[in-house]
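S.K.: Starting off with a structure, shown below.
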Amino acid sequence: MDAQGRKVIVCDNGTGYIKCGYCTSNFPDFVFPCMVGRPLIRSRAKVNNIEVQDIMVCDEAQKVRQMLDINYPVENGIVTNWEDMKHIYTYLFGPKKMNIEPDKAKILLTEAPLNPIKNRAKMLEVMLDGFGFHECSLAYQAILTLYAQGILTGVVVDIGDGVTHVCPVIDGFCLQNSIARLNIAGRDITRYLIRLLLLRGYVFNQTADFDTVQQIKEKLCYVAHDLDQERHLALDTTVLVESYTLPDGRTIKLSGERFEAPEVLFRPSLLGMEVSGVAEQVFKVINSAPMDDRRKLYKQIVLSGGTTMYPGFGTRLERELEKLYEERVLKGQTDKSAKNVICIEAPPRRKNMVFLGGAVYANLVKDTPSQWISRRDYQEQGIERCVQRLNQICPR
């Protein structure tokens, strides 16, 4: 709570999951899939004793998703459907979950890079006018990740469910012109795994079985350190074969699919996309930063987001960056090496890094009025002035 006894809430809106809790929490108090579902067929059907409603959200929608037309209101880190997003917020703040009185609370929201200005205005309208929060503020996800790590300068490689961002931060300020975005993330890996399993003879529905394949991915997939070597092992031996028991009791076996699915992060061409992979994106971002800051950025590359949790991801990224550095910076000089230049930080709690940094930041500024937009400000000064102030709090 702040000095006036108001609850301070941190809300991280991700493409795949929404993570919310109080600024005193070490982990999010509530983590839900960020989805809204409507019945495919109008009926009062029940699934596992859960009645299908006209609108179902988050974990309730996930339990009966085979009966629903699912919509994701956040795409590539940006809210694209505010009406559905309001349904999620109503569920989250209401009696079923947080059970808070917004007029006796303040909320810190996180923002993905390259978020349109109009979304800031809509966010203030929804939080201050729609839900009636006493105060509202905003912070960049990349900067919050570094706060959670206890540093102010570094490159944040944030890979969630819907988008990959590579953000350079210098002394707590994001270099907006150097940010890279790759529209490949966890959801694309799941879809690609469905395709790979289909080639093996296992048929999964893109909608109804999505959660099952996602669980297979999270349990069995990893990033290959040496792709050619792993492919030889998968082709010539059975050492990579793992079994997985499906909810209906059937057992399936995976081998090369375990590392081929996450490989799309490094080779988007597997998805038919003519863009650079994550290692190339990181290298370009660092080399677009001011010359004096590059060495420090190479030393502090911080991983964030659930899709960076694959075993082997950090070491593979480091290996590919070292190769790029030796080829393009050292240009084949044999007397020098990239070994001591590049350092990847992979915090164990990186799945929740943005929320953790948000909790740190909210605790620091909870009693600093200049870092918040109040409902009174919104009513008296109008939306344009409030957005201008928000741009000063969280500079673009």
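Identifiers for the structure tokens are assigned positionally: chains receive A, B, ... in sequence, residues are indexed from 1 per chain, and ligands are indexed from 1 in the order shown.
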Counting only C-alpha atoms, which residues of segment 284-380 of chain A sit at most 10 Å from some atom of segment 149-159 of chain A, and what is each one's closest atom pair with its distance in Å to one decimal, listed by chain and rising residue number, as a Markdown table?
M.R.:
| residue | atom | partner | partner_atom | distance |
| --- | --- | --- | --- | --- |
| A:Val285 | CA | A:Val155 | CA | 8.4 |
| A:Ile286 | CA | A:Val155 | CA | 7.6 |
| A:Asp293 | CA | A:Thr153 | CA | 9.1 |
| A:Arg294 | CA | A:Gly154 | CA | 9.5 |
| A:Lys296 | CA | A:Gly154 | CA | 7.1 |
| A:Leu297 | CA | A:Gly154 | CA | 4.9 |
| A:Tyr298 | CA | A:Val155 | CA | 7.8 |
| A:Lys299 | CA | A:Gly154 | CA | 7.7 |
| A:Gln300 | CA | A:Gly154 | CA | 4.8 |
| A:Ile301 | CA | A:Val155 | CA | 4.7 |
| A:Val302 | CA | A:Val156 | CA | 4.9 |
| A:Leu303 | CA | A:Val157 | CA | 5.0 |
| A:Ser304 | CA | A:Asp158 | CA | 4.5 |
| A:Gly305 | CA | A:Ile159 | CA | 5.0 |
| A:Gly306 | CA | A:Ile159 | CA | 6.8 |
| A:Thr307 | CA | A:Ile159 | CA | 5.4 |
| A:Thr308 | CA | A:Ile159 | CA | 6.2 |
| A:Met309 | CA | A:Ile159 | CA | 9.5 |
| A:Ile344 | CA | A:Val155 | CA | 9.6 |
| A:Glu345 | CA | A:Gln149 | CA | 9.1 |
| A:Ala346 | CA | A:Gln149 | CA | 10.0 |
| A:Pro347 | CA | A:Gln149 | CA | 7.8 |
| A:Arg349 | CA | A:Gln149 | CA | 9.9 |
| A:Arg350 | CA | A:Asp158 | CA | 9.2 |
| A:Lys351 | CA | A:Ile159 | CA | 9.4 |
| A:Met353 | CA | A:Gln149 | CA | 8.1 |
| A:Val354 | CA | A:Asp158 | CA | 9.3 |
| A:Leu356 | CA | A:Gln149 | CA | 9.1 |
| A:Gly357 | CA | A:Gln149 | CA | 7.8 |
| A:Val360 | CA | A:Gly150 | CA | 9.7 |
S.K.: Create the file for the chosen residues now, containing N, CA and C atoms and written as a PDB file, in the first residue's frame.
M.R.:
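Output file out37.pdb is given in full below:
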ATOM      1  N   VAL A 285      20.872  -4.848 -33.444  1.00  0.00           N
ATOM      2  CA  VAL A 285      20.445  -3.853 -32.454  1.00  0.00           C
ATOM      3  C   VAL A 285      21.650  -3.266 -31.723  1.00  0.00           C
ATOM      4  N   ILE A 286      22.544  -4.125 -31.283  1.00  0.00           N
ATOM      5  CA  ILE A 286      23.720  -3.643 -30.545  1.00  0.00           C
ATOM      6  C   ILE A 286      24.585  -2.758 -31.427  1.00  0.00           C
ATOM      7  N   ASP A 293      28.747   2.680 -26.310  1.00  0.00           N
ATOM      8  CA  ASP A 293      27.904   1.844 -25.452  1.00  0.00           C
ATOM      9  C   ASP A 293      27.885   0.369 -25.871  1.00  0.00           C
ATOM     10  N   ARG A 294      28.436   0.054 -27.022  1.00  0.00           N
ATOM     11  CA  ARG A 294      28.275  -1.302 -27.566  1.00  0.00           C
ATOM     12  C   ARG A 294      28.922  -2.381 -26.703  1.00  0.00           C
ATOM     13  N   LYS A 296      29.418  -2.441 -23.551  1.00  0.00           N
ATOM     14  CA  LYS A 296      28.601  -2.672 -22.354  1.00  0.00           C
ATOM     15  C   LYS A 296      27.336  -3.463 -22.698  1.00  0.00           C
ATOM     16  N   LEU A 297      26.743  -3.181 -23.864  1.00  0.00           N
ATOM     17  CA  LEU A 297      25.538  -3.895 -24.281  1.00  0.00           C
ATOM     18  C   LEU A 297      25.839  -5.368 -24.570  1.00  0.00           C
ATOM     19  N   TYR A 298      26.987  -5.622 -25.197  1.00  0.00           N
ATOM     20  CA  TYR A 298      27.385  -7.025 -25.450  1.00  0.00           C
ATOM     21  C   TYR A 298      27.540  -7.796 -24.142  1.00  0.00           C
ATOM     22  N   LYS A 299      27.964  -7.088 -23.100  1.00  0.00           N
ATOM     23  CA  LYS A 299      28.226  -7.747 -21.812  1.00  0.00           C
ATOM     24  C   LYS A 299      26.961  -8.002 -21.001  1.00  0.00           C
ATOM     25  N   GLN A 300      25.867  -7.295 -21.338  1.00  0.00           N
ATOM     26  CA  GLN A 300      24.644  -7.401 -20.535  1.00  0.00           C
ATOM     27  C   GLN A 300      23.437  -7.641 -21.428  1.00  0.00           C
ATOM     28  N   ILE A 301      23.365  -8.847 -21.982  1.00  0.00           N
ATOM     29  CA  ILE A 301      22.217  -9.272 -22.779  1.00  0.00           C
ATOM     30  C   ILE A 301      21.334 -10.103 -21.861  1.00  0.00           C
ATOM     31  N   VAL A 302      20.162  -9.597 -21.551  1.00  0.00           N
ATOM     32  CA  VAL A 302      19.282 -10.211 -20.544  1.00  0.00           C
ATOM     33  C   VAL A 302      18.087 -10.867 -21.224  1.00  0.00           C
ATOM     34  N   LEU A 303      17.862 -12.129 -20.916  1.00  0.00           N
ATOM     35  CA  LEU A 303      16.723 -12.863 -21.459  1.00  0.00           C
ATOM     36  C   LEU A 303      15.487 -12.648 -20.593  1.00  0.00           C
ATOM     37  N   SER A 304      14.337 -12.551 -21.253  1.00  0.00           N
ATOM     38  CA  SER A 304      13.069 -12.356 -20.534  1.00  0.00           C
ATOM     39  C   SER A 304      11.950 -13.033 -21.322  1.00  0.00           C
ATOM     40  N   GLY A 305      10.938 -13.517 -20.600  1.00  0.00           N
ATOM     41  CA  GLY A 305       9.783 -14.127 -21.250  1.00  0.00           C
ATOM     42  C   GLY A 305       9.835 -15.640 -21.247  1.00  0.00           C
ATOM     43  N   GLY A 306       8.666 -16.263 -21.256  1.00  0.00           N
ATOM     44  CA  GLY A 306       8.560 -17.711 -21.127  1.00  0.00           C
ATOM     45  C   GLY A 306       9.205 -18.497 -22.246  1.00  0.00           C
ATOM     46  N   THR A 307       9.263 -17.929 -23.456  1.00  0.00           N
ATOM     47  CA  THR A 307       9.820 -18.669 -24.584  1.00  0.00           C
ATOM     48  C   THR A 307      11.347 -18.737 -24.537  1.00  0.00           C
ATOM     49  N   THR A 308      11.979 -17.970 -23.664  1.00  0.00           N
ATOM     50  CA  THR A 308      13.437 -18.086 -23.491  1.00  0.00           C
ATOM     51  C   THR A 308      13.789 -19.189 -22.492  1.00  0.00           C
ATOM     52  N   MET A 309      12.778 -19.880 -21.951  1.00  0.00           N
ATOM     53  CA  MET A 309      13.015 -20.904 -20.929  1.00  0.00           C
ATOM     54  C   MET A 309      13.465 -22.242 -21.509  1.00  0.00           C
ATOM     55  N   ILE A 344      25.510 -13.588 -21.881  1.00  0.00           N
ATOM     56  CA  ILE A 344      24.052 -13.739 -21.824  1.00  0.00           C
ATOM     57  C   ILE A 344      23.636 -13.996 -20.384  1.00  0.00           C
ATOM     58  N   GLU A 345      22.725 -13.175 -19.873  1.00  0.00           N
ATOM     59  CA  GLU A 345      22.188 -13.382 -18.534  1.00  0.00           C
ATOM     60  C   GLU A 345      20.810 -14.030 -18.657  1.00  0.00           C
ATOM     61  N   ALA A 346      20.674 -15.220 -18.057  1.00  0.00           N
ATOM     62  CA  ALA A 346      19.415 -15.970 -18.123  1.00  0.00           C
ATOM     63  C   ALA A 346      18.877 -16.186 -16.711  1.00  0.00           C
ATOM     64  N   PRO A 347      18.228 -15.172 -16.122  1.00  0.00           N
ATOM     65  CA  PRO A 347      17.720 -15.299 -14.740  1.00  0.00           C
ATOM     66  C   PRO A 347      16.723 -16.449 -14.621  1.00  0.00           C
ATOM     67  N   ARG A 349      14.096 -16.648 -12.970  1.00  0.00           N
ATOM     68  CA  ARG A 349      12.710 -16.172 -12.906  1.00  0.00           C
ATOM     69  C   ARG A 349      12.325 -15.338 -14.132  1.00  0.00           C
ATOM     70  N   ARG A 350      13.025 -15.550 -15.247  1.00  0.00           N
ATOM     71  CA  ARG A 350      12.823 -14.673 -16.406  1.00  0.00           C
ATOM     72  C   ARG A 350      11.418 -14.759 -17.005  1.00  0.00           C
ATOM     73  N   LYS A 351      10.691 -15.809 -16.692  1.00  0.00           N
ATOM     74  CA  LYS A 351       9.307 -15.918 -17.164  1.00  0.00           C
ATOM     75  C   LYS A 351       8.453 -14.783 -16.613  1.00  0.00           C
ATOM     76  N   MET A 353       9.910 -11.762 -15.356  1.00  0.00           N
ATOM     77  CA  MET A 353      10.814 -10.634 -15.126  1.00  0.00           C
ATOM     78  C   MET A 353      10.129  -9.281 -15.213  1.00  0.00           C
ATOM     79  N   VAL A 354       9.223  -9.120 -16.164  1.00  0.00           N
ATOM     80  CA  VAL A 354       8.562  -7.819 -16.332  1.00  0.00           C
ATOM     81  C   VAL A 354       7.731  -7.487 -15.100  1.00  0.00           C
ATOM     82  N   LEU A 356       8.146  -8.660 -12.043  1.00  0.00           N
ATOM     83  CA  LEU A 356       9.053  -8.436 -10.903  1.00  0.00           C
ATOM     84  C   LEU A 356       9.654  -7.044 -10.951  1.00  0.00           C
ATOM     85  N   GLY A 357      10.079  -6.616 -12.139  1.00  0.00           N
ATOM     86  CA  GLY A 357      10.603  -5.259 -12.279  1.00  0.00           C
ATOM     87  C   GLY A 357       9.537  -4.215 -12.030  1.00  0.00           C
ATOM     88  N   VAL A 360       9.172  -3.783  -8.338  1.00  0.00           N
ATOM     89  CA  VAL A 360      10.287  -2.979  -7.820  1.00  0.00           C
ATOM     90  C   VAL A 360      10.036  -1.493  -8.094  1.00  0.00           C
TER      91      VAL A 360
END
S.K.: Would you list the contacts of segment 1-11 of chain A as an mmCIF file with N, CA and C atoms, in the first residue's frame, taking every protein, DNA or RNA residue within 10 Å and counting only C-alpha atoms, but skipping same-chain residues closer than 3 positions in sequence?
M.R.:
data_model
loop_
_atom_site.group_PDB
_atom_site.id
_atom_site.type_symbol
_atom_site.label_atom_id
_atom_site.label_comp_id
_atom_site.auth_asym_id
_atom_site.auth_seq_id
_atom_site.Cartn_x
_atom_site.Cartn_y
_atom_site.Cartn_z
ATOM 1 N N GLY A 14 0.519 -9.377 -21.418
ATOM 2 C CA GLY A 14 1.257 -10.067 -22.458
ATOM 3 C C GLY A 14 0.334 -10.541 -23.561
ATOM 4 N N ILE A 18 -1.730 -12.745 -19.065
ATOM 5 C CA ILE A 18 -1.785 -11.525 -18.273
ATOM 6 C C ILE A 18 -1.341 -11.890 -16.861
ATOM 7 N N LYS A 19 -0.392 -11.101 -16.327
ATOM 8 C CA LYS A 19 0.174 -11.374 -15.004
ATOM 9 C C LYS A 19 -0.073 -10.155 -14.132
ATOM 10 N N CYS A 20 -0.719 -10.402 -13.013
ATOM 11 C CA CYS A 20 -1.149 -9.284 -12.185
ATOM 12 C C CYS A 20 -0.951 -9.616 -10.707
ATOM 13 N N GLY A 21 -0.699 -8.573 -9.918
ATOM 14 C CA GLY A 21 -0.526 -8.768 -8.488
ATOM 15 C C GLY A 21 -0.230 -7.448 -7.810
ATOM 16 N N TYR A 22 0.204 -7.534 -6.563
ATOM 17 C CA TYR A 22 0.480 -6.338 -5.774
ATOM 18 C C TYR A 22 1.978 -6.046 -5.775
ATOM 19 N N CYS A 23 2.317 -4.793 -5.530
ATOM 20 C CA CYS A 23 3.723 -4.382 -5.639
ATOM 21 C C CYS A 23 4.598 -5.011 -4.556
ATOM 22 N N THR A 24 3.981 -5.617 -3.554
ATOM 23 C CA THR A 24 4.750 -6.279 -2.495
ATOM 24 C C THR A 24 5.015 -7.751 -2.810
ATOM 25 N N SER A 25 4.493 -8.229 -3.940
ATOM 26 C CA SER A 25 4.604 -9.653 -4.272
ATOM 27 C C SER A 25 5.936 -9.971 -4.950
ATOM 28 N N PRO A 28 3.827 -12.929 -9.567
ATOM 29 C CA PRO A 28 2.449 -12.508 -9.849
ATOM 30 C C PRO A 28 1.449 -13.315 -9.027
ATOM 31 N N ASP A 29 0.456 -12.617 -8.478
ATOM 32 C CA ASP A 29 -0.581 -13.298 -7.711
ATOM 33 C C ASP A 29 -1.577 -14.007 -8.621
ATOM 34 N N PHE A 30 -1.729 -13.495 -9.846
ATOM 35 C CA PHE A 30 -2.671 -14.078 -10.795
ATOM 36 C C PHE A 30 -2.015 -14.146 -12.180
ATOM 37 N N TYR A 89 -10.273 -7.522 -17.894
ATOM 38 C CA TYR A 89 -10.033 -6.690 -16.709
ATOM 39 C C TYR A 89 -11.178 -6.811 -15.703
ATOM 40 N N MET A 98 -9.246 -10.730 -7.974
ATOM 41 C CA MET A 98 -8.592 -9.790 -7.060
ATOM 42 C C MET A 98 -9.564 -9.177 -6.054
ATOM 43 N N ILE A 100 -11.084 -6.145 -5.856
ATOM 44 C CA ILE A 100 -10.608 -4.846 -5.382
ATOM 45 C C ILE A 100 -11.636 -3.757 -5.682
ATOM 46 N N GLU A 101 -11.492 -2.652 -4.965
ATOM 47 C CA GLU A 101 -12.258 -1.441 -5.251
ATOM 48 C C GLU A 101 -11.313 -0.488 -5.968
ATOM 49 N N PRO A 102 -11.439 -0.329 -7.284
ATOM 50 C CA PRO A 102 -10.474 0.465 -8.048
ATOM 51 C C PRO A 102 -10.286 1.895 -7.533
ATOM 52 N N ASP A 103 -11.343 2.507 -6.993
ATOM 53 C CA ASP A 103 -11.190 3.885 -6.520
ATOM 54 C C ASP A 103 -10.314 3.973 -5.274
ATOM 55 N N LYS A 104 -9.988 2.821 -4.693
ATOM 56 C CA LYS A 104 -9.084 2.793 -3.537
ATOM 57 C C LYS A 104 -7.762 2.110 -3.889
ATOM 58 N N ALA A 105 -7.403 2.189 -5.186
ATOM 59 C CA ALA A 105 -6.175 1.530 -5.648
ATOM 60 C C ALA A 105 -5.550 2.340 -6.779
ATOM 61 N N LYS A 106 -4.263 2.108 -6.993
ATOM 62 C CA LYS A 106 -3.568 2.670 -8.154
ATOM 63 C C LYS A 106 -2.942 1.507 -8.916
ATOM 64 N N ILE A 107 -2.799 1.682 -10.227
ATOM 65 C CA ILE A 107 -2.336 0.569 -11.064
ATOM 66 C C ILE A 107 -1.203 0.991 -11.980
ATOM 67 N N LEU A 108 -0.161 0.157 -12.035
ATOM 68 C CA LEU A 108 0.942 0.330 -12.966
ATOM 69 C C LEU A 108 0.783 -0.709 -14.072
ATOM 70 N N LEU A 109 0.697 -0.234 -15.309
ATOM 71 C CA LEU A 109 0.589 -1.129 -16.465
ATOM 72 C C LEU A 109 1.921 -1.157 -17.206
ATOM 73 N N THR A 110 2.221 -2.280 -17.822
ATOM 74 C CA THR A 110 3.450 -2.377 -18.598
ATOM 75 C C THR A 110 3.122 -2.155 -20.072
ATOM 76 N N GLU A 111 4.122 -1.664 -20.804
ATOM 77 C CA GLU A 111 3.909 -1.362 -22.222
ATOM 78 C C GLU A 111 4.982 -2.026 -23.066
ATOM 79 N N HIS A 134 -7.933 5.155 -8.835
ATOM 80 C CA HIS A 134 -7.548 6.455 -8.288
ATOM 81 C C HIS A 134 -6.387 7.051 -9.071
ATOM 82 N N GLU A 135 -5.411 6.206 -9.426
ATOM 83 C CA GLU A 135 -4.254 6.669 -10.196
ATOM 84 C C GLU A 135 -3.777 5.561 -11.124
ATOM 85 N N CYS A 136 -3.075 5.975 -12.174
ATOM 86 C CA CYS A 136 -2.585 5.025 -13.169
ATOM 87 C C CYS A 136 -1.215 5.478 -13.665
ATOM 88 N N SER A 137 -0.355 4.520 -13.996
ATOM 89 C CA SER A 137 0.949 4.852 -14.571
ATOM 90 C C SER A 137 1.359 3.771 -15.559
ATOM 91 N N LEU A 138 2.512 3.996 -16.212
ATOM 92 C CA LEU A 138 2.942 3.132 -17.297
ATOM 93 C C LEU A 138 4.466 3.015 -17.266
ATOM 94 N N VAL A 354 9.223 -9.120 -16.164
ATOM 95 C CA VAL A 354 8.562 -7.819 -16.332
ATOM 96 C C VAL A 354 7.731 -7.487 -15.100
ATOM 97 N N PHE A 355 6.963 -8.452 -14.609
ATOM 98 C CA PHE A 355 6.170 -8.208 -13.401
ATOM 99 C C PHE A 355 7.073 -7.899 -12.211
ATOM 100 N N LEU A 356 8.146 -8.660 -12.043
ATOM 101 C CA LEU A 356 9.053 -8.436 -10.903
ATOM 102 C C LEU A 356 9.654 -7.044 -10.951
ATOM 103 N N GLY A 357 10.079 -6.616 -12.139
ATOM 104 C CA GLY A 357 10.603 -5.259 -12.279
ATOM 105 C C GLY A 357 9.537 -4.215 -12.030
ATOM 106 N N GLY A 358 8.301 -4.516 -12.455
ATOM 107 C CA GLY A 358 7.191 -3.600 -12.198
ATOM 108 C C GLY A 358 6.927 -3.440 -10.722
ATOM 109 N N ALA A 359 7.034 -4.537 -9.971
ATOM 110 C CA ALA A 359 6.844 -4.473 -8.518
ATOM 111 C C ALA A 359 7.933 -3.622 -7.864
ATOM 112 N N VAL A 360 9.172 -3.783 -8.338
ATOM 113 C CA VAL A 360 10.287 -2.979 -7.820
ATOM 114 C C VAL A 360 10.036 -1.493 -8.094
ATOM 115 N N TYR A 361 9.681 -1.187 -9.339
ATOM 116 C CA TYR A 361 9.459 0.206 -9.736
ATOM 117 C C TYR A 361 8.261 0.815 -9.002
ATOM 118 N N ALA A 362 7.159 0.073 -8.923
ATOM 119 C CA ALA A 362 5.960 0.588 -8.248
ATOM 120 C C ALA A 362 6.236 0.875 -6.783
ATOM 121 N N ASN A 363 7.037 0.040 -6.136
ATOM 122 C CA ASN A 363 7.408 0.290 -4.744
ATOM 123 C C ASN A 363 8.217 1.567 -4.592
ATOM 124 N N VAL A 365 8.094 4.282 -6.574
ATOM 125 C CA VAL A 365 7.404 5.529 -6.931
ATOM 126 C C VAL A 365 5.982 5.615 -6.373
ATOM 127 N N LYS A 366 5.588 4.667 -5.524
ATOM 128 C CA LYS A 366 4.182 4.627 -5.090
ATOM 129 C C LYS A 366 3.737 5.891 -4.365
ATOM 130 N N ASP A 367 4.687 6.617 -3.742
ATOM 131 C CA ASP A 367 4.339 7.852 -3.031
ATOM 132 C C ASP A 367 4.903 9.091 -3.725
ATOM 133 N N THR A 368 5.154 8.972 -5.040
ATOM 134 C CA THR A 368 5.656 10.099 -5.836
ATOM 135 C C THR A 368 4.567 10.519 -6.816
#
S.K.: Can you work out the spacing between atom CA of Lys96 of chain A and atom CA of Ala112 of chain A in Å, to one decimal?
M.R.: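 Separation between atom CA of Lys96 of chain A and atom CA of Ala112 of chain A: 27.5 Å.
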S.K.: Calculate how many Å separate atom CA of Val387 of chain A from atom CA of Cys34 of chain A, rounding to one decimal.
M.R.: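 Here the two named atoms are 25.6 Å from each other.
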S.K.: Could you name the residues that touch Leu128 of chain A at 9 Å or less, counting only C-alpha atoms, but leaving out those on the same chain fewer than 2 positions away, as a PyMOL selection string?
M.R.: chain A and resi 102-103+123-126+130-136+373-376+378-379
S.K.: Could you please take those selected residues and save N, CA and C atoms as a compact mmCIF listing (two decimals), in the first residue's frame?
M.R.:
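The resulting file, out_25.txt, is shown below:
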# COMPACT_ATOMS: atom_id res chain seq x y z
N PRO A 102 -11.44 -0.33 -7.28
CA PRO A 102 -10.47 0.46 -8.05
C PRO A 102 -10.29 1.90 -7.53
N ASP A 103 -11.34 2.51 -6.99
CA ASP A 103 -11.19 3.89 -6.52
C ASP A 103 -10.31 3.97 -5.27
N MET A 123 -5.78 3.44 -22.87
CA MET A 123 -5.47 2.80 -21.58
C MET A 123 -5.88 3.71 -20.42
N LEU A 124 -5.58 5.02 -20.51
CA LEU A 124 -5.98 5.96 -19.47
C LEU A 124 -7.50 6.03 -19.36
N GLU A 125 -8.17 6.07 -20.52
CA GLU A 125 -9.64 6.13 -20.52
C GLU A 125 -10.24 4.90 -19.83
N VAL A 126 -9.73 3.72 -20.16
CA VAL A 126 -10.27 2.48 -19.60
C VAL A 126 -10.03 2.40 -18.10
N GLY A 130 -13.23 4.27 -17.10
CA GLY A 130 -14.03 3.05 -17.13
C GLY A 130 -14.07 2.31 -15.80
N PHE A 131 -12.88 1.98 -15.25
CA PHE A 131 -12.85 1.22 -14.00
C PHE A 131 -12.74 2.12 -12.77
N GLY A 132 -12.36 3.37 -12.97
CA GLY A 132 -12.35 4.32 -11.86
C GLY A 132 -11.18 4.18 -10.90
N PHE A 133 -10.00 3.75 -11.40
CA PHE A 133 -8.83 3.69 -10.52
C PHE A 133 -8.46 5.09 -10.06
N HIS A 134 -7.93 5.16 -8.83
CA HIS A 134 -7.55 6.45 -8.29
C HIS A 134 -6.39 7.05 -9.07
N GLU A 135 -5.41 6.21 -9.43
CA GLU A 135 -4.25 6.67 -10.20
C GLU A 135 -3.78 5.56 -11.12
N CYS A 136 -3.08 5.98 -12.17
CA CYS A 136 -2.58 5.03 -13.17
C CYS A 136 -1.22 5.48 -13.66
N ILE A 373 -0.78 9.40 -13.02
CA ILE A 373 -1.88 10.22 -13.53
C ILE A 373 -3.12 9.88 -12.70
N SER A 374 -3.68 10.89 -12.04
CA SER A 374 -4.82 10.62 -11.16
C SER A 374 -6.14 10.77 -11.93
N ARG A 375 -7.18 10.22 -11.35
CA ARG A 375 -8.52 10.34 -11.97
C ARG A 375 -8.96 11.80 -11.99
N ARG A 376 -8.57 12.53 -10.96
CA ARG A 376 -8.91 13.96 -10.92
C ARG A 376 -8.21 14.70 -12.07
N TYR A 378 -7.38 13.47 -14.89
CA TYR A 378 -8.07 13.07 -16.12
C TYR A 378 -9.36 13.86 -16.32
N GLN A 379 -10.11 14.06 -15.23
CA GLN A 379 -11.38 14.76 -15.31
C GLN A 379 -11.20 16.26 -15.51
S.K.: State, in Å with one decimal place, the distance from atom CA of Cys221 of chain A to atom CA of Gly256 of chain A.
M.R.: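 Computed distance, atom CA of Cys221 of chain A to atom CA of Gly256 of chain A, equals 9.4 Å.
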